[in-house]
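Each remark here refers to the structure printed beneath this line.
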Amino acid sequence: MSATTTDATLAWDDVLAAFDPVLGLEVHVELGTNTKMFCGCATEFGAEPNTQVCPVCLGLPGALPVVNEVAVESAIRIGLALNCEIAQWCRFARKNYFYPDMPKNFQTSQYDEPIAFEGFLDVELDDGSTFRVEIERAHMEEDTGKSLHVGGSTGRIHGATHSLVDYNRAGIPLIEIVTKPLRGAGERAPEVARAYVATLRDLLKALDVSDVKMEQGSMRCDVNLSLMPKGTTTLGTRTETKNVNSLRSVERAVRYEMCRHGAILKDGGSILQETRHWHEDTGITTSGRVKSDADDYRYFPEPDLVPVAPTRETVESLRATLPEPPAQRRKRLQSDWGFSDLEMRDVLNAGLVDLIGETVEAGATPAGARKWWSGDIARRANAEGSTDVASYAAERSITPAHVVELEGLVTSGRLNDSMARQVWEGVLDGEGSPTAVADARGLELVQDDGALEAAVDEVIAANPDVAQKVRDGKVQAAGALIGQVMKAMKGQADAGKAREIILAKLTS
Amino acid sequence: MTTDLTRASAAELADLLTSGGTSSVEVTQAMLDRTEAVDGDVHAYLHVDREGALSSARDIDERRSRGEQLHRLAGVPIAVKDVMATKGLPTTCGSKILEGWVPPYDATVVSRLKQAGMPILGKTNMDEFAMGSSTEHSAYGPTRNPWDLDRIPGGSGGGSSAVVASFQAPLAIGTDTGGSIRQPAAVTGTVGTKPTYGGVSRYGLVALASSLDQAGPCTRTVLDAALLHEVMGGHDPMDSTSIDAPVPPVVEAARRADVTGMRIGIVRELTGEGFQAGVQARFDESVQHLVDAGAEVVEVSCPSFTAALAAYYLILPSEASSNLAKFDAMRYGLRVLPEGVDDPSAEQVMAATRDAGFGDEVKRRIILGTYALSSGYYDAYYGSAQKVRRLIADDFAKAFESADVLVSPTAPTTAFRFGDKIDDPMAMYLNDIATIPANLAGVPGMSLPSGLADEDGLPAGFQILAPATADDRLYAVGAALEQRLHAAWGGPLLAQAPDLSTSTTKGA
């Protein structure tokens, strides 16, 4: 049977029963440098087309590249953070192919001498286990321009009447991070892929080398996938699904390709080595360009650039600038804060680690910080349709200091929990700081023990049966009395103190 | 005034300008008049910038009259090889594919000429993209040798040497990838230097082979070459391969012209068999002159030089195939639509344009280079050539242990007739046998006239090679030899050239 690109898919369980997936991920990251890789042009996203260009990034005859030192430092820091070796000496290479959005018709990249190689990234999966992703290499290159195909319905070149090219992106520094073929992920392959990209994104963010916005294309993922029949060890033919640009899509694309490969192989067919396009809306891939090992980019060392040869001192001084790895930081914070695994996972998923950290730093207890951020504030954010608590809070000028202030009001005994919730409502409605809201709304626990005692006496007198139960040792019956007391006090009493008084009167 | 300004050297013109004996406008106008009179025969220029040159000349004269401190060569006009980007002036590289292209920027060398206040007369003819040894590969017709209009002026920079030899300019910029400054100098009876690789910025020099290209001076005297070398040379942050060091003391060396105690190494592999008898005879006489001047002669052997031509014709086409990929009709230059195609794709337009826009020699080398870089052939061709390149550098290093400079005839023959070698690329390539090793090793070289060959009465060239960054030695040896030869000839060799303005062919 000949190679095919059929869209039939095999049921997930049948795929897993017959095959082991082999996964390879190539992630392109646009560095956040102020200038391009080989010239002084600006790199700002969203500028008018072809306004951030010069003879160098337009590839005009005679122009020559000069390496951006900051980009090289970023590349080294990324390599170090991925536990890679850093090359003592490496060169750029030209990757030759013709394409209208590539000004020189070669891409200045690296080939057999990457700046960083042989590393790994430990990725935590949903069940708390760790999967080690082996990194083959991280290398430096320049981005291409951007083609806009006009006149067709799909925005793809097929069916377009003409194309426009924006060279603002041409020459933006890129780091390409390539994993080794990842075996042994089995049914967790889609999750491993997603978790790897997420972990990598967090790491790059912590390194402050890129804004890693998948939706803007500053982080782009290509998914390589092949299947091996169970019990065999020879790699199957792979497909490369290009530009899978969200975490969820990475997971879905792996799963889809596994099912698609499974259907072909199960029927005795063979996989066509090709690039595939990912369709976010329908969740499928379609055939792209046929890619074979005969594809020949005629790489050779870039003669217009001198080798990059970072001294060991440079490498070590860059190593010293590495932030604590996000996973390690999470473990440390969880232990510092005394959160359970579940609590920590919730906080992570809600993207609240940094806010809680700042709040604790500002003087709140970890429990208090977690309680308010992931409780009332998050609930309100969700109710208003926002999934990002941090930006919701930022838009409303809610700061860690507010949380500290509110917690102070509770611990000092001025407010109880239900009053504190009312205060949050006010703060989120823009009525001012917690103290200002409490003042304005007249929220304050009654501090007069005499009034509380009087209320207790009244409630005991009105509920002789319940009082007797408490006297007989059924201490939990006191709850009903406390509720009555709080009602009588219109909520503005300290329930703990009411309980104390009731028990003192009935059990001593 | 009795002095014929067109026959004066740049150094003499500089003195005249400084002393007020002439003005830059007068000098520039004299050059333009000469061009008007003789370039119909010679065809050294592809483009003459009459207005621009005179306007710069007026500007310099004004500044001088205001008493401004000016550069030594201020006001001395110059011609520039058409491979250098000149803002506002057409730059074709002798190719149809760049017909009409006007660069929006200046090459660094051109900026430096402008900073020095040197009016730019125009752009000189060359073999297309500097591929050739005769200018017969120029898409705009060949340049003729002022010594004999039926003969080649050398190449690729035949225009730059002919413009100087025919007294249309005292100075010209050339570029030398395998001999394109030195071989034309040899066959036109002029002086040319290829500086140390990295000694002169390549920014704005349209690349033929990036690792071999080097711009340098084309002049009528050794001192003029030194003066121009000093203007052109020096570090440029826009060229990564530029050497970050001051220009060697070339002018001082040319003025002192002292070879006392210097060891002159005759390269065994670059003399004797294959060299025209008259060329060899003039070479031997020149060596004797140097001995008379106090130098010591040693014989050295550079066995790897025999493989230089083969290595060169793998490295050059490889780099050229990639450097010339940018000429694709997408952004500038020629655009040709394929015939009989209704709705051509970008790729079809690229192919049609490159087919129509490139000449045969360019296509030959692009094909050779593409082949040599192809996967499966890379190691055998490009890889082996790089190894040979290292061996050649080793040979040079060893030779320079026993000699301070190396010498040879510049080219094996005097100027050949048009058409003699056009259909035999190997015969054409062999013309550069003695000049190519310097480019492969990055060492500097100079050619100066050694006299006329007895059998044809045409100029022969004497080549001097020095270790990298020791360019000043070329000038010490060159100037010492020039002094003795001028004494023997009773004046410069070019005084013996036919007077073009009275030639029978159609002038201006």
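Each chain in the structure tokens gets a letter, A, B and so on, in the order shown; residues start at 1 in every chain, and ligands are counted from 1 in the order they appear.
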Notebook entry, point to check: Neighbours of range 368-373 of chain B within 10 Å (only C-alpha atoms; same-chain residues fewer than 5 positions away dropped), as a ChimeraX atom specification?
Noted result: /A:96,296-300 /B:313-322,362-363,378-383,385
Just to be explicit: take each residue in the selection above, keep N, CA, C and O atoms, and write the result as an mmCIF file, in the first residue's frame.
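Written out: selection-v8.cif:
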```cif
data_model
loop_
_atom_site.group_PDB
_atom_site.id
_atom_site.type_symbol
_atom_site.label_atom_id
_atom_site.label_comp_id
_atom_site.auth_asym_id
_atom_site.auth_seq_id
_atom_site.Cartn_x
_atom_site.Cartn_y
_atom_site.Cartn_z
ATOM 1 N N ASN A 96 20.246 26.960 3.286
ATOM 2 C CA ASN A 96 19.897 27.526 1.980
ATOM 3 C C ASN A 96 18.583 26.964 1.438
ATOM 4 O O ASN A 96 18.456 25.759 1.255
ATOM 5 N N ASP A 296 17.469 19.125 0.992
ATOM 6 C CA ASP A 296 18.891 19.430 1.162
ATOM 7 C C ASP A 296 19.074 20.932 1.307
ATOM 8 O O ASP A 296 18.903 21.679 0.356
ATOM 9 N N TYR A 297 19.389 21.337 2.514
ATOM 10 C CA TYR A 297 19.548 22.767 2.779
ATOM 11 C C TYR A 297 20.981 23.248 2.538
ATOM 12 O O TYR A 297 21.290 24.391 2.740
ATOM 13 N N ARG A 298 21.861 22.332 2.136
ATOM 14 C CA ARG A 298 23.239 22.704 1.798
ATOM 15 C C ARG A 298 23.858 23.605 2.868
ATOM 16 O O ARG A 298 24.405 24.655 2.594
ATOM 17 N N TYR A 299 23.727 23.158 4.099
ATOM 18 C CA TYR A 299 24.324 23.910 5.214
ATOM 19 C C TYR A 299 25.825 24.068 5.015
ATOM 20 O O TYR A 299 26.496 23.132 4.582
ATOM 21 N N PHE A 300 26.354 25.225 5.323
ATOM 22 C CA PHE A 300 27.804 25.374 5.456
ATOM 23 C C PHE A 300 28.077 26.533 6.404
ATOM 24 O O PHE A 300 27.204 27.383 6.608
ATOM 25 N N TYR B 313 38.276 26.687 -6.542
ATOM 26 C CA TYR B 313 37.098 26.504 -7.377
ATOM 27 C C TYR B 313 36.067 25.557 -6.769
ATOM 28 O O TYR B 313 35.107 25.157 -7.422
ATOM 29 N N LEU B 314 36.252 25.189 -5.506
ATOM 30 C CA LEU B 314 35.173 24.556 -4.738
ATOM 31 C C LEU B 314 34.641 25.545 -3.703
ATOM 32 O O LEU B 314 33.434 25.687 -3.517
ATOM 33 N N ILE B 315 35.553 26.251 -3.024
ATOM 34 C CA ILE B 315 35.124 27.178 -1.968
ATOM 35 C C ILE B 315 34.395 28.377 -2.575
ATOM 36 O O ILE B 315 33.327 28.756 -2.109
ATOM 37 N N LEU B 316 34.991 28.950 -3.612
ATOM 38 C CA LEU B 316 34.364 30.135 -4.203
ATOM 39 C C LEU B 316 32.953 29.855 -4.724
ATOM 40 O O LEU B 316 32.006 30.538 -4.350
ATOM 41 N N PRO B 317 32.758 28.841 -5.554
ATOM 42 C CA PRO B 317 31.390 28.611 -6.051
ATOM 43 C C PRO B 317 30.420 28.261 -4.918
ATOM 44 O O PRO B 317 29.252 28.639 -4.981
ATOM 45 N N SER B 318 30.909 27.538 -3.905
ATOM 46 C CA SER B 318 30.017 27.187 -2.796
ATOM 47 C C SER B 318 29.477 28.442 -2.139
ATOM 48 O O SER B 318 28.258 28.606 -1.958
ATOM 49 N N GLU B 319 30.384 29.331 -1.752
ATOM 50 C CA GLU B 319 29.940 30.557 -1.096
ATOM 51 C C GLU B 319 29.117 31.416 -2.053
ATOM 52 O O GLU B 319 28.106 32.007 -1.673
ATOM 53 N N ALA B 320 29.565 31.466 -3.318
ATOM 54 C CA ALA B 320 28.857 32.305 -4.293
ATOM 55 C C ALA B 320 27.437 31.794 -4.518
ATOM 56 O O ALA B 320 26.496 32.588 -4.643
ATOM 57 N N SER B 321 27.260 30.482 -4.544
ATOM 58 C CA SER B 321 25.925 29.937 -4.818
ATOM 59 C C SER B 321 24.950 30.410 -3.748
ATOM 60 O O SER B 321 23.774 30.655 -4.024
ATOM 61 N N SER B 322 25.436 30.555 -2.538
ATOM 62 C CA SER B 322 24.592 31.028 -1.444
ATOM 63 C C SER B 322 24.476 32.555 -1.450
ATOM 64 O O SER B 322 23.379 33.108 -1.307
ATOM 65 N N VAL B 362 28.339 32.947 -14.332
ATOM 66 C CA VAL B 362 27.685 32.986 -13.021
ATOM 67 C C VAL B 362 26.878 31.713 -12.815
ATOM 68 O O VAL B 362 26.954 31.067 -11.760
ATOM 69 N N LYS B 363 26.130 31.321 -13.852
ATOM 70 C CA LYS B 363 25.336 30.096 -13.733
ATOM 71 C C LYS B 363 26.246 28.889 -13.515
ATOM 72 O O LYS B 363 25.963 28.012 -12.697
ATOM 73 N N TYR B 378 29.285 17.058 0.255
ATOM 74 C CA TYR B 378 29.877 18.140 1.037
ATOM 75 C C TYR B 378 31.279 17.787 1.529
ATOM 76 O O TYR B 378 32.224 18.549 1.338
ATOM 77 N N ASP B 379 31.403 16.616 2.152
ATOM 78 C CA ASP B 379 32.706 16.252 2.725
ATOM 79 C C ASP B 379 33.777 16.116 1.649
ATOM 80 O O ASP B 379 34.896 16.582 1.806
ATOM 81 N N ALA B 380 33.379 15.466 0.539
ATOM 82 C CA ALA B 380 34.350 15.218 -0.524
ATOM 83 C C ALA B 380 34.801 16.511 -1.200
ATOM 84 O O ALA B 380 35.964 16.638 -1.584
ATOM 85 N N TYR B 381 33.888 17.465 -1.326
ATOM 86 C CA TYR B 381 34.233 18.686 -2.065
ATOM 87 C C TYR B 381 34.537 19.858 -1.131
ATOM 88 O O TYR B 381 35.683 20.239 -0.952
ATOM 89 N N TYR B 382 33.494 20.414 -0.515
ATOM 90 C CA TYR B 382 33.710 21.597 0.320
ATOM 91 C C TYR B 382 34.646 21.258 1.490
ATOM 92 O O TYR B 382 35.571 22.001 1.816
ATOM 93 N N GLY B 383 34.390 20.097 2.101
ATOM 94 C CA GLY B 383 35.204 19.673 3.256
ATOM 95 C C GLY B 383 36.674 19.512 2.882
ATOM 96 O O GLY B 383 37.564 20.033 3.566
ATOM 97 N N ALA B 385 38.220 20.803 0.357
ATOM 98 C CA ALA B 385 38.776 22.094 -0.052
ATOM 99 C C ALA B 385 39.197 22.900 1.180
ATOM 100 O O ALA B 385 40.236 23.573 1.167
#
```
Item checked: chain A contacts to chain B at 7 Å (only C-alpha atoms) as a list in words ->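 Matching residues, ligands excluded from the count: Pro61, Gly62, Ala63, Leu64, Val66, Asn96, Pro100, Pro103, Lys104, Asn105, Asp296, Arg298, Pro303, Asp304, Leu305 and Val306 of chain A.
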Go ahead and save the picked residues with C-alpha atoms, as a compact mmCIF listing (two decimals), in the first residue's frame.
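again-v1.txt written:
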```
# COMPACT_ATOMS: atom_id res chain seq x y z
CA PRO A 61 23.44 43.32 -1.71
CA GLY A 62 26.60 44.05 0.25
CA ALA A 63 25.07 44.16 3.72
CA LEU A 64 26.72 42.05 6.45
CA VAL A 66 26.91 41.36 13.18
CA ASN A 96 19.90 27.53 1.98
CA PRO A 100 9.96 35.04 -0.68
CA PRO A 103 15.44 38.08 2.30
CA LYS A 104 18.76 36.36 1.56
CA ASN A 105 17.25 33.05 0.52
CA ASP A 296 18.89 19.43 1.16
CA ARG A 298 23.24 22.70 1.80
CA PRO A 303 31.58 32.97 6.33
CA ASP A 304 30.32 36.46 7.19
CA LEU A 305 30.42 35.79 10.92
CA VAL A 306 33.21 34.88 13.27
```
Notebook entry, point to check: Do you know which residues are at most 10 Å from Arg132 in chain A counting only C-alpha atoms, after dropping those on the same chain fewer than 5 positions away, and could you put them as a PyMOL selection string?
Noted result: chain A and resi 120-124+182+192+196
Write out as a PDB file with C-alpha atoms, in the first residue's frame all residues of range 46-117 of chain A that backbone DSSP assigns to strand (DSSP E).
```pdb
ATOM      1  CA  GLU A  85      26.601  21.783  27.821  1.00  0.00           C
ATOM      2  CA  ILE A  86      27.635  25.143  26.396  1.00  0.00           C
ATOM      3  CA  ALA A  93      25.656  28.133   9.409  1.00  0.00           C
ATOM      4  CA  ARG A  94      23.633  29.020   6.371  1.00  0.00           C
ATOM      5  CA  LYS A  95      20.503  27.029   5.681  1.00  0.00           C
ATOM      6  CA  ASN A  96      19.897  27.526   1.980  1.00  0.00           C
ATOM      7  CA  PHE A 106      19.268  31.487   3.265  1.00  0.00           C
ATOM      8  CA  GLN A 107      18.560  31.511   6.956  1.00  0.00           C
ATOM      9  CA  THR A 108      21.471  32.211   9.239  1.00  0.00           C
ATOM     10  CA  SER A 109      21.146  29.440  11.776  1.00  0.00           C
ATOM     11  CA  ALA A 116      23.941  24.416  23.745  1.00  0.00           C
ATOM     12  CA  PHE A 117      23.510  20.640  23.635  1.00  0.00           C
TER      13      PHE A 117
END
```
Next item on the list: For Ile115 in chain A, work out the shell of residues within 12 Å, counting only C-alpha atoms and skipping chain neighbours fewer than 4 positions away, then give it as a PyMOL selection string.
Entry: chain A and resi 71-80+84-93+109-111+119+136-141+175-177+307-310+315
Margin query: Quick check, in Å to one decimal: how far apart do CA of Glu251 in chain A and CA of Asp267 in chain A lie?
Written below: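 So the two atoms, CA of Glu251 in chain A and CA of Asp267 in chain A, lie 24.9 Å apart.
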Next item on the list: Go through range 62-243 of chain A and collect every residue that DSSP, computed from the backbone, puts in helix (DSSP H, G or I); the answer should be as an MDAnalysis selection string.
Entry: chainID A and resid 69:81 167:169 186:207 214:216
Selected residues, C-alpha atoms, written as a short mmCIF file (atom, residue, chain, number, x, y, z; two decimals), in the first residue's frame, please.
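Printed below is selection_21.cif as written:
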```cif
data_model
loop_
_atom_site.label_atom_id
_atom_site.label_comp_id
_atom_site.auth_asym_id
_atom_site.auth_seq_id
_atom_site.Cartn_x
_atom_site.Cartn_y
_atom_site.Cartn_z
CA GLU A 69 25.71 39.82 22.02
CA VAL A 70 22.63 39.99 24.23
CA ALA A 71 20.98 37.29 22.14
CA VAL A 72 24.03 35.06 22.57
CA GLU A 73 23.91 35.59 26.34
CA SER A 74 20.21 34.73 26.37
CA ALA A 75 20.94 31.58 24.38
CA ILE A 76 23.61 30.55 26.85
CA ARG A 77 21.34 31.20 29.83
CA ILE A 78 18.59 29.13 28.19
CA GLY A 79 21.10 26.34 27.57
CA LEU A 80 22.26 26.41 31.16
CA ALA A 81 18.69 26.43 32.49
CA TYR A 167 10.05 41.91 6.85
CA ASN A 168 9.72 43.42 10.33
CA ARG A 169 10.03 39.90 11.72
CA GLY A 186 2.72 5.78 26.22
CA GLU A 187 -0.78 6.97 26.92
CA ARG A 188 0.63 10.03 28.60
CA ALA A 189 2.34 11.27 25.42
CA PRO A 190 -0.20 14.08 24.85
CA GLU A 191 0.11 15.15 28.47
CA VAL A 192 3.91 14.96 28.40
CA ALA A 193 3.94 17.19 25.33
CA ARG A 194 1.69 19.75 26.93
CA ALA A 195 3.49 19.65 30.27
CA TYR A 196 6.88 20.03 28.58
CA VAL A 197 5.83 23.09 26.62
CA ALA A 198 4.19 24.58 29.74
CA THR A 199 7.26 23.92 31.87
CA LEU A 200 9.54 25.32 29.19
CA ARG A 201 7.35 28.41 28.93
CA ASP A 202 7.52 28.97 32.70
CA LEU A 203 11.27 28.50 32.63
CA LEU A 204 11.79 31.00 29.81
CA LYS A 205 9.52 33.45 31.57
CA ALA A 206 11.51 33.09 34.77
CA LEU A 207 14.71 33.67 32.74
CA MET A 214 2.13 31.51 22.06
CA GLU A 215 -0.85 33.44 20.69
CA GLN A 216 1.45 36.17 19.29
#
```
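In this model, the gap between CA of Pro249 in chain B and CA of Tyr475 in chain B comes to 9.3 Å.
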Margin query: Can you tell me which residues surround Ala415 in chain B at a distance of at most 8 Å, considering only C-alpha atoms, apart from same-chain residues fewer than 4 positions away, and format the answer as a list in words?
Written below: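 Answer for this query is Asn145, Arg151, Ile152, Pro153, Gly154, Val187, Thr188, Leu458 and Pro459 of chain B.
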Written selection (N, CA, C and O atoms) as a short mmCIF file (atom, residue, chain, number, x, y, z; two decimals), in the first residue's frame:
```
data_model
loop_
_atom_site.label_atom_id
_atom_site.label_comp_id
_atom_site.auth_asym_id
_atom_site.auth_seq_id
_atom_site.Cartn_x
_atom_site.Cartn_y
_atom_site.Cartn_z
N ASN B 145 42.08 46.79 -22.92
CA ASN B 145 43.37 47.08 -22.31
C ASN B 145 43.98 48.31 -22.98
O ASN B 145 44.17 48.33 -24.20
N ARG B 151 43.06 43.53 -26.54
CA ARG B 151 43.39 42.59 -25.47
C ARG B 151 42.61 42.89 -24.20
O ARG B 151 42.14 44.00 -23.98
N ILE B 152 42.55 41.85 -23.37
CA ILE B 152 41.80 41.95 -22.11
C ILE B 152 42.59 42.83 -21.12
O ILE B 152 43.81 42.86 -21.14
N PRO B 153 41.88 43.51 -20.23
CA PRO B 153 42.53 44.33 -19.20
C PRO B 153 42.69 43.56 -17.89
O PRO B 153 42.99 44.16 -16.86
N GLY B 154 42.44 42.25 -17.96
CA GLY B 154 42.43 41.46 -16.73
C GLY B 154 41.06 41.53 -16.09
O GLY B 154 40.18 42.27 -16.54
N VAL B 187 48.52 43.09 -15.94
CA VAL B 187 48.39 43.15 -17.40
C VAL B 187 48.15 44.56 -17.93
O VAL B 187 48.13 44.78 -19.13
N THR B 188 47.95 45.53 -17.03
CA THR B 188 47.77 46.92 -17.48
C THR B 188 48.95 47.81 -17.06
O THR B 188 48.91 49.02 -17.25
N LEU B 458 54.18 43.73 -23.94
CA LEU B 458 53.08 44.03 -23.01
C LEU B 458 53.56 43.93 -21.56
O LEU B 458 54.52 43.22 -21.26
N PRO B 459 52.87 44.64 -20.64
CA PRO B 459 53.33 44.68 -19.25
C PRO B 459 53.26 43.31 -18.56
O PRO B 459 52.35 42.51 -18.82
#
```
Check: Between CA of Gly88 in chain B and CA of Glu51 in chain B, what is the spacing in Å?
Finding: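 One can read the CA of Glu51 in chain B to CA of Gly88 in chain B distance as 12.2 Å.
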For Ala504 in chain A, please output as a compact mmCIF listing (two decimals) with N, CA and C atoms, in the first residue's frame all residues within 12 Å (counting only C-alpha atoms; exclusion window: fewer than 6 positions along the same chain).
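Here's the written file part_8.txt:
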```
# COMPACT_ATOMS: atom_id res chain seq x y z
N GLU A 453 -22.80 39.32 77.06
CA GLU A 453 -23.29 38.49 78.20
C GLU A 453 -24.79 38.60 78.35
N VAL A 456 -26.38 36.51 75.78
CA VAL A 456 -26.25 35.09 76.13
C VAL A 456 -27.32 34.71 77.17
N ASP A 457 -27.43 35.54 78.15
CA ASP A 457 -28.40 35.25 79.21
C ASP A 457 -29.80 35.14 78.64
N ALA A 467 -30.25 24.51 76.66
CA ALA A 467 -29.29 24.83 77.72
C ALA A 467 -29.08 23.62 78.62
N VAL A 470 -26.70 21.14 77.11
CA VAL A 470 -25.30 21.53 77.25
C VAL A 470 -24.82 21.24 78.66
N ARG A 471 -25.70 21.55 79.62
CA ARG A 471 -25.34 21.29 81.01
C ARG A 471 -25.10 19.80 81.22
N VAL A 475 -21.83 19.20 74.58
CA VAL A 475 -21.24 20.50 74.27
C VAL A 475 -21.60 20.99 72.86
N ALA A 478 -24.23 23.53 72.02
CA ALA A 478 -23.99 24.97 72.20
C ALA A 478 -24.07 25.73 70.88
N LYS A 497 -16.00 34.18 71.10
CA LYS A 497 -16.21 34.70 72.46
C LYS A 497 -17.58 34.30 73.00
N ALA A 498 -18.60 34.34 72.12
CA ALA A 498 -19.96 33.95 72.52
C ALA A 498 -19.94 32.51 73.04
```
Check: Leaving out range 220-236 of chain B and any residue of its chain fewer than 3 positions from it, which residues lie within 9 Å of it when counting only C-alpha atoms, given as a VMD selection string?
Finding: chain B and resid 9 to 11 72 to 73 108 to 110 112 to 113 116 161 164 to 165 170 to 173 185 189 to 193 195 198 to 203 215 to 217 239 to 255 448 472 475 478 to 479 482 492 494
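Each of A:Ala17, A:Ala420, A:Leu148, A:Ala393 was compared to Gly368 in chain A using only C-alpha atoms, and A:Ala420 turns out to be the nearest.
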